[in-house]
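A short worksheet on the structure shown next.
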Amino acid sequence: MAELSRLAVLGAGHAGPVIARLAIKAGYPVAIATSGDPEDIALITELVIPGARPRWAADAVADAGIVVLAIPLHRFLDLDPALLNGKIVVDAMNYWPASDGVLKPFEEGGSSEIVARRLAGSAVVKALNHIGYHELEDRARPAGAPDRRAAGVAGDDPAAATAIADLVDRVGYDPVRLAHLRAGRVLQPGGPVFGTVLSLPEFERAVRDDARSLT
Ligand SMILES: NC(=O)c1ccc[n+]([C@@H]2O[C@H](COP(=O)([O-])OP(=O)(O)OC[C@H]3O[C@@H](n4cnc5c(N)ncnc54)[C@H](OP(=O)(O)O)[C@@H]3O)[C@@H](O)[C@H]2O)c1
């Protein structure tokens with residue numbers, strides 16, 4: 001089997017550990033980081049994400065091919081974009097004013113497009129953001145399972161989007177490729193599939209019927 005990319009998961013709150021666990025189960029080498037000292041999450045990582053390596057964010061990212069951003073969007077604004085240069089970046093974040101506060105640039109349009117503009121040296125793919133963290137783990141199924149569900153993948157760089165569609169597939173969802181990062185607006189809060197867990201035909205129908213998917 002071809003060697004899978006190393007993953008750096010930034011964020012060890014609700015979403016990050018679930019994504020890390022799913023990726024480890026799928027065979028990816030995974031490092032996890034917060035904005036602080038990895039020692040602070042060493043014990044919890046051992047207990048809750050066995051197999052993941054807690055690291056300083058810069059070290060985890062430096063060794064990774066794929067970086068998953070599972071941090072609150074308002075904290076993303078403090079992240080140095082240069083850290084992520086040359087990486088495939090999975091934007092698993094959502095703009096949630098109730099917890100992020102009102103962030104003017106994110107009030108209209110697509111949050112991942114703004115993320116991508118800030119991360120001009122990275123290939124940003126929106127994925128793993130639209131299913132709640134409990135369900136993301138509970139509903140994951142191997143390919144071919146009759147009750148397997150779908151998850152969206154939106155990016156402007158075809159090779160990066162293919163790598164992330166493969167990741168989504170391996171962690172337990174039928175990937176649905178959207179035409180562009182902009183079309184990933186259907187995956188964000190207010191979009192037709194946000195907070196839902198749909199089968200492939202249901203997902204494709206929901207997305208097809210939404211004008212945002214055509215942009
Ligand atoms: N909750 C869900 O069901 C779910 C599902 C999919 C996607 N999401 C999205 O994922 C994002 C995170 O949500 P959450 O609920 O997991 O948040 P959370 O529970 O508040 O956890 C945030 C984590 O990010 C870390 N962090 C903050 N700044 C960082 C940085 N610069 N580098 C590395 N780590 C950093 C925090 O640690 P320190 O503060 O110690 O640095 C903390 O571990 C949100 O945008 C959310 O919309 C959430």
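As shown in the structure tokens, the chain order sets the letters A, B, ...; within each chain, residues go from 1, and ligands are also counted from 1 in the order they appear.
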
Query raised in the report: How would you write, as JSON, numbers by chain, the set of residues no farther than 7 Å from ligand 1 when counting only C-alpha atoms and all ligand atoms?
Result: {"A": [10, 11, 12, 13, 14, 15, 16, 33, 34, 35, 36, 57, 70, 71, 72, 73, 75, 76, 78, 79, 92, 93, 94, 95, 96, 128, 129, 130, 131, 132, 133, 134]}

A:Val90 environment, 10 Å, only C-alpha atoms, sequence neighbours closer than 2 positions dropped, as a PDB file with N, CA, C and O atoms, in the first residue's frame:
ATOM      1  N   VAL A   9      -2.856  17.817  12.780  1.00  0.00           N
ATOM      2  CA  VAL A   9      -4.165  18.349  13.156  1.00  0.00           C
ATOM      3  C   VAL A   9      -3.914  19.486  14.131  1.00  0.00           C
ATOM      4  O   VAL A   9      -3.351  19.271  15.218  1.00  0.00           O
ATOM      5  N   ILE A  66      -0.354  17.129   4.889  1.00  0.00           N
ATOM      6  CA  ILE A  66      -1.721  17.663   5.019  1.00  0.00           C
ATOM      7  C   ILE A  66      -1.875  18.250   6.419  1.00  0.00           C
ATOM      8  O   ILE A  66      -1.523  17.597   7.407  1.00  0.00           O
ATOM      9  N   VAL A  67      -2.390  19.469   6.471  1.00  0.00           N
ATOM     10  CA  VAL A  67      -2.642  20.117   7.764  1.00  0.00           C
ATOM     11  C   VAL A  67      -4.148  20.333   7.892  1.00  0.00           C
ATOM     12  O   VAL A  67      -4.768  20.902   6.997  1.00  0.00           O
ATOM     13  N   VAL A  68      -4.718  19.853   8.993  1.00  0.00           N
ATOM     14  CA  VAL A  68      -6.146  20.052   9.234  1.00  0.00           C
ATOM     15  C   VAL A  68      -6.302  21.190  10.234  1.00  0.00           C
ATOM     16  O   VAL A  68      -5.765  21.122  11.348  1.00  0.00           O
ATOM     17  N   LEU A  69      -7.029  22.216   9.824  1.00  0.00           N
ATOM     18  CA  LEU A  69      -7.301  23.326  10.743  1.00  0.00           C
ATOM     19  C   LEU A  69      -8.616  23.053  11.457  1.00  0.00           C
ATOM     20  O   LEU A  69      -9.699  23.160  10.862  1.00  0.00           O
ATOM     21  N   ALA A  70      -8.520  22.680  12.728  1.00  0.00           N
ATOM     22  CA  ALA A  70      -9.704  22.425  13.557  1.00  0.00           C
ATOM     23  C   ALA A  70      -9.630  23.346  14.767  1.00  0.00           C
ATOM     24  O   ALA A  70      -9.669  22.908  15.912  1.00  0.00           O
ATOM     25  N   LYS A  87       1.680  23.598   1.946  1.00  0.00           N
ATOM     26  CA  LYS A  87       0.916  22.464   2.499  1.00  0.00           C
ATOM     27  C   LYS A  87      -0.482  22.396   1.886  1.00  0.00           C
ATOM     28  O   LYS A  87      -1.050  23.419   1.492  1.00  0.00           O
ATOM     29  N   ILE A  88      -1.007  21.190   1.855  1.00  0.00           N
ATOM     30  CA  ILE A  88      -2.443  21.038   1.618  1.00  0.00           C
ATOM     31  C   ILE A  88      -3.115  21.305   2.957  1.00  0.00           C
ATOM     32  O   ILE A  88      -2.755  20.681   3.972  1.00  0.00           O
ATOM     33  N   ALA A  92     -11.427  22.832   8.179  1.00  0.00           N
ATOM     34  CA  ALA A  92     -12.568  22.194   8.847  1.00  0.00           C
ATOM     35  C   ALA A  92     -13.299  23.204   9.737  1.00  0.00           C
ATOM     36  O   ALA A  92     -14.113  22.828  10.565  1.00  0.00           O
ATOM     37  N   MET A  93     -12.980  24.491   9.536  1.00  0.00           N
ATOM     38  CA  MET A  93     -13.526  25.525  10.432  1.00  0.00           C
ATOM     39  C   MET A  93     -14.847  26.082   9.894  1.00  0.00           C
ATOM     40  O   MET A  93     -15.131  26.007   8.711  1.00  0.00           O
ATOM     41  N   SER A 112     -14.169  29.862   3.733  1.00  0.00           N
ATOM     42  CA  SER A 112     -12.950  29.199   3.235  1.00  0.00           C
ATOM     43  C   SER A 112     -12.248  30.024   2.164  1.00  0.00           C
ATOM     44  O   SER A 112     -11.030  29.902   1.980  1.00  0.00           O
ATOM     45  N   SER A 122      -0.703  28.106   0.296  1.00  0.00           N
ATOM     46  CA  SER A 122      -1.192  26.753   0.601  1.00  0.00           C
ATOM     47  C   SER A 122      -2.318  26.387  -0.361  1.00  0.00           C
ATOM     48  O   SER A 122      -2.927  27.258  -0.962  1.00  0.00           O
ATOM     49  N   ALA A 123      -2.584  25.096  -0.479  1.00  0.00           N
ATOM     50  CA  ALA A 123      -3.739  24.638  -1.263  1.00  0.00           C
ATOM     51  C   ALA A 123      -4.856  24.321  -0.265  1.00  0.00           C
ATOM     52  O   ALA A 123      -4.788  23.307   0.442  1.00  0.00           O
ATOM     53  N   VAL A 124      -5.841  25.202  -0.201  1.00  0.00           N
ATOM     54  CA  VAL A 124      -6.890  25.061   0.821  1.00  0.00           C
ATOM     55  C   VAL A 124      -8.071  24.259   0.270  1.00  0.00           C
ATOM     56  O   VAL A 124      -8.566  24.530  -0.828  1.00  0.00           O
ATOM     57  N   VAL A 125      -8.497  23.281   1.050  1.00  0.00           N
ATOM     58  CA  VAL A 125      -9.648  22.455   0.688  1.00  0.00           C
ATOM     59  C   VAL A 125     -10.618  22.472   1.861  1.00  0.00           C
ATOM     60  O   VAL A 125     -10.224  22.208   3.000  1.00  0.00           O
ATOM     61  N   LYS A 126     -11.855  22.799   1.568  1.00  0.00           N
ATOM     62  CA  LYS A 126     -12.866  22.797   2.632  1.00  0.00           C
ATOM     63  C   LYS A 126     -13.430  21.383   2.770  1.00  0.00           C
ATOM     64  O   LYS A 126     -13.922  20.809   1.791  1.00  0.00           O
ATOM     65  N   ALA A 127     -13.350  20.827   3.955  1.00  0.00           N
ATOM     66  CA  ALA A 127     -13.853  19.462   4.194  1.00  0.00           C
ATOM     67  C   ALA A 127     -13.933  19.209   5.698  1.00  0.00           C
ATOM     68  O   ALA A 127     -13.304  19.931   6.489  1.00  0.00           O
ATOM     69  N   LEU A 128     -14.712  18.218   6.077  1.00  0.00           N
ATOM     70  CA  LEU A 128     -14.816  17.746   7.469  1.00  0.00           C
ATOM     71  C   LEU A 128     -15.322  18.829   8.418  1.00  0.00           C
ATOM     72  O   LEU A 128     -15.092  18.753   9.623  1.00  0.00           O
ATOM     73  N   ASN A 129     -15.997  19.829   7.878  1.00  0.00           N
ATOM     74  CA  ASN A 129     -16.483  20.933   8.705  1.00  0.00           C
ATOM     75  C   ASN A 129     -17.975  20.834   8.997  1.00  0.00           C
ATOM     76  O   ASN A 129     -18.465  21.487   9.919  1.00  0.00           O
ATOM     77  N   VAL A 153     -16.294  17.990  -0.319  1.00  0.00           N
ATOM     78  CA  VAL A 153     -14.883  18.370  -0.508  1.00  0.00           C
ATOM     79  C   VAL A 153     -14.866  19.480  -1.556  1.00  0.00           C
ATOM     80  O   VAL A 153     -15.310  19.277  -2.684  1.00  0.00           O
ATOM     81  N   ALA A 154     -14.348  20.649  -1.174  1.00  0.00           N
ATOM     82  CA  ALA A 154     -14.338  21.770  -2.121  1.00  0.00           C
ATOM     83  C   ALA A 154     -12.966  22.410  -2.133  1.00  0.00           C
ATOM     84  O   ALA A 154     -12.441  22.793  -1.088  1.00  0.00           O
ATOM     85  N   GLY A 155     -12.386  22.516  -3.327  1.00  0.00           N
ATOM     86  CA  GLY A 155     -11.070  23.151  -3.424  1.00  0.00           C
ATOM     87  C   GLY A 155     -10.795  23.579  -4.846  1.00  0.00           C
ATOM     88  O   GLY A 155     -11.393  23.038  -5.790  1.00  0.00           O
ATOM     89  N   ALA A 160      -4.896  18.711  -4.744  1.00  0.00           N
ATOM     90  CA  ALA A 160      -5.172  18.796  -3.300  1.00  0.00           C
ATOM     91  C   ALA A 160      -6.578  18.280  -3.000  1.00  0.00           C
ATOM     92  O   ALA A 160      -6.779  17.529  -2.030  1.00  0.00           O
ATOM     93  N   ALA A 161      -7.538  18.651  -3.841  1.00  0.00           N
ATOM     94  CA  ALA A 161      -8.916  18.187  -3.616  1.00  0.00           C
ATOM     95  C   ALA A 161      -8.985  16.657  -3.751  1.00  0.00           C
ATOM     96  O   ALA A 161      -9.701  15.998  -2.987  1.00  0.00           O
ATOM     97  N   ILE A 164      -7.681  15.113  -0.579  1.00  0.00           N
ATOM     98  CA  ILE A 164      -8.612  15.233   0.552  1.00  0.00           C
ATOM     99  C   ILE A 164      -9.872  14.391   0.328  1.00  0.00           C
ATOM    100  O   ILE A 164     -10.422  13.845   1.285  1.00  0.00           O
TER     101      ILE A 164
END

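Backbone DSSP over stretch 51-177 of chain A gives strand (DSSP E or B) for Arg53, Pro54, Ile66, Val67, Val68, Leu69, Ile88, Val89, Val90, Asp91, Ala123, Val124, Val125, Lys126, Ala127, Arg149, Ala150, Ala151, Gly152, Val153, Ala154, Gly155, Tyr173, Asp174, Pro175, Val176 and Arg177 of chain A.
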
Query raised in the report: Taking only C-alpha atoms into account, which of A:Pro29, A:Pro105, A:Pro38, A:Gly121 comes nearest A:Ser5?
Result: A:Pro29

Query - Residue nearest A:Val207 - candidates A:Ala52, A:Ile114, A:Ala163, A:Ala151, atoms counted: only C-alpha atoms - result: A:Ala151

**Report entry** Nearest to A:Gly109 by atom-to-atom distance, counting only C-alpha atoms, from A:Ala150, A:Leu181, A:Leu77, A:Leu22
**Finding:** A:Leu181

Query raised in the report: Which polymer residues have any atom within 9 Å of an atom of A:Ala20, counting only C-alpha atoms, with same-chain residues fewer than 2 positions away left out, as a PyMOL selection string?
Result: chain A and resi 7-9+15-18+22-25+28+30-32+49+52
